[in-house]
Every structure is written in C-alpha cells, then in structure tokens.
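J.: Sharing a structure with you now.
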Amino acid sequence: MCPRCGGLLVLEFADDGWFDGWCQLWRCVNCSHRTDPIMERNRQRNQAIAQLVADAEAHLQLCSRSVADVPR
Ligand SMILES: [Zn+2]
C-alpha cells in the first residue's frame with residue numbers, strides 16, 4: 001500500500017543513475033509516489049535506532065530517579 005494515499009503499489013524497474021544498473025522501485029498507480037526499498041530500509045533502521053536511544057534515555061532517567069529516591 002502506498003504510504004501517502006493508500007493506493008496500489010506496482011513493482012517498477014528503474015535506471016535513474018543513482019545506482020549502478022537498474023534498481024527496484026515500488027510505484028503507486030494512484031498518485032505516482034515512489035518507494036525506494038533501500039531508502040525504506042534505511043528509514044526503518046533509523047527508526048529502530050531512534051527507538052533504542054529513546055528506550056536507553058528512559059531507562060537512564062528511571063535509574064537516576066530511583067538512585068535519587070534512595071535515602072542516604
Ligand atoms: Zn499513492
């Protein structure tokens with residue numbers, strides 16, 4: 001499904017000079033939005049990293065709070 005309009009995606013082989021030879025693209029038949037699988041993978045990886053960082057920060061805040069709550 002198209003991430004922009006929810007339309008149907010068709011597989012397209014494109015040679016746009018970005019990579020050596022041809023590359024695969026998903027193109028929306030509705031709005032012509034193109035999804036590059038490599039860019040999509042990078043985006044998902046960046047999201048996963050951002051999630052890990054957010055989790056680590058939340059954990060750190062939790063730890064520092066519990067340390068501060070311990071009576072001395
Ligand atoms: Zn679309």
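By order in the structure tokens, chains are A, B, ...; within a chain, residues start at 1; ligands start at 1, following the order shown.
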Quick one: residues within 8 Å of ligand 1, with only C-alpha atoms and all ligand atoms, as a compact mmCIF listing (two decimals) with C-alpha atoms, in the first residue's frame?

T.:
# COMPACT_ATOMS: atom_id res chain seq x y z
CA MET A 1 0.00 0.00 0.00
CA CYS A 2 1.14 3.49 -0.79
CA PRO A 3 2.37 5.27 2.36
CA ARG A 4 0.98 8.54 1.03
CA CYS A 5 -2.51 7.76 -0.31
CA GLY A 6 -3.03 4.05 0.46
CA GLY A 7 -3.20 3.21 -3.25
CA LEU A 8 -1.95 0.14 -5.06
CA LEU A 9 1.80 -0.21 -5.48
CA ARG A 27 5.36 2.97 -7.67
CA CYS A 28 1.84 3.96 -6.67
CA VAL A 29 -0.67 3.65 -9.54
CA ASN A 30 -2.82 6.25 -7.83
CA CYS A 31 -0.52 9.19 -7.05
CA SER A 32 2.76 8.01 -8.69
CA HIS A 33 4.52 8.15 -5.33

J.: What is the distance, in Å and to one decimal place, between atom CA of Gln24 of chain A and atom CA of Leu52 of chain A?

T.: 29.5 Å

J.: Got a sec: who's within 9 Å of Trp26 of chain A, counting only C-alpha atoms, leaving out chain neighbours fewer than 3 positions off, as a ChimeraX atom specification?

T.: /A:2,9-13,33-37

J.: Residues as selected, C-alpha atoms, written as an mmCIF file, in the first residue's frame, can you do that?

T.:
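File part.cif, as written:
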data_model
loop_
_atom_site.group_PDB
_atom_site.id
_atom_site.type_symbol
_atom_site.label_atom_id
_atom_site.label_comp_id
_atom_site.auth_asym_id
_atom_site.auth_seq_id
_atom_site.Cartn_x
_atom_site.Cartn_y
_atom_site.Cartn_z
ATOM 1 C CA CYS A 2 1.137 3.491 -0.786
ATOM 2 C CA LEU A 9 1.803 -0.210 -5.482
ATOM 3 C CA VAL A 10 3.342 -1.828 -8.556
ATOM 4 C CA LEU A 11 6.916 -3.010 -8.893
ATOM 5 C CA GLU A 12 8.953 -0.915 -11.282
ATOM 6 C CA PHE A 13 12.474 -1.372 -12.543
ATOM 7 C CA HIS A 33 4.518 8.148 -5.332
ATOM 8 C CA ARG A 34 7.722 6.101 -5.486
ATOM 9 C CA THR A 35 9.106 3.987 -2.681
ATOM 10 C CA ASP A 36 12.753 3.108 -2.822
ATOM 11 C CA PRO A 37 13.279 -0.164 -0.933
#

J.: One number please: atom CA of Ile38 of chain A to atom CA of Ala50 of chain A, in Å, one decimal.

T.: 18.2 Å
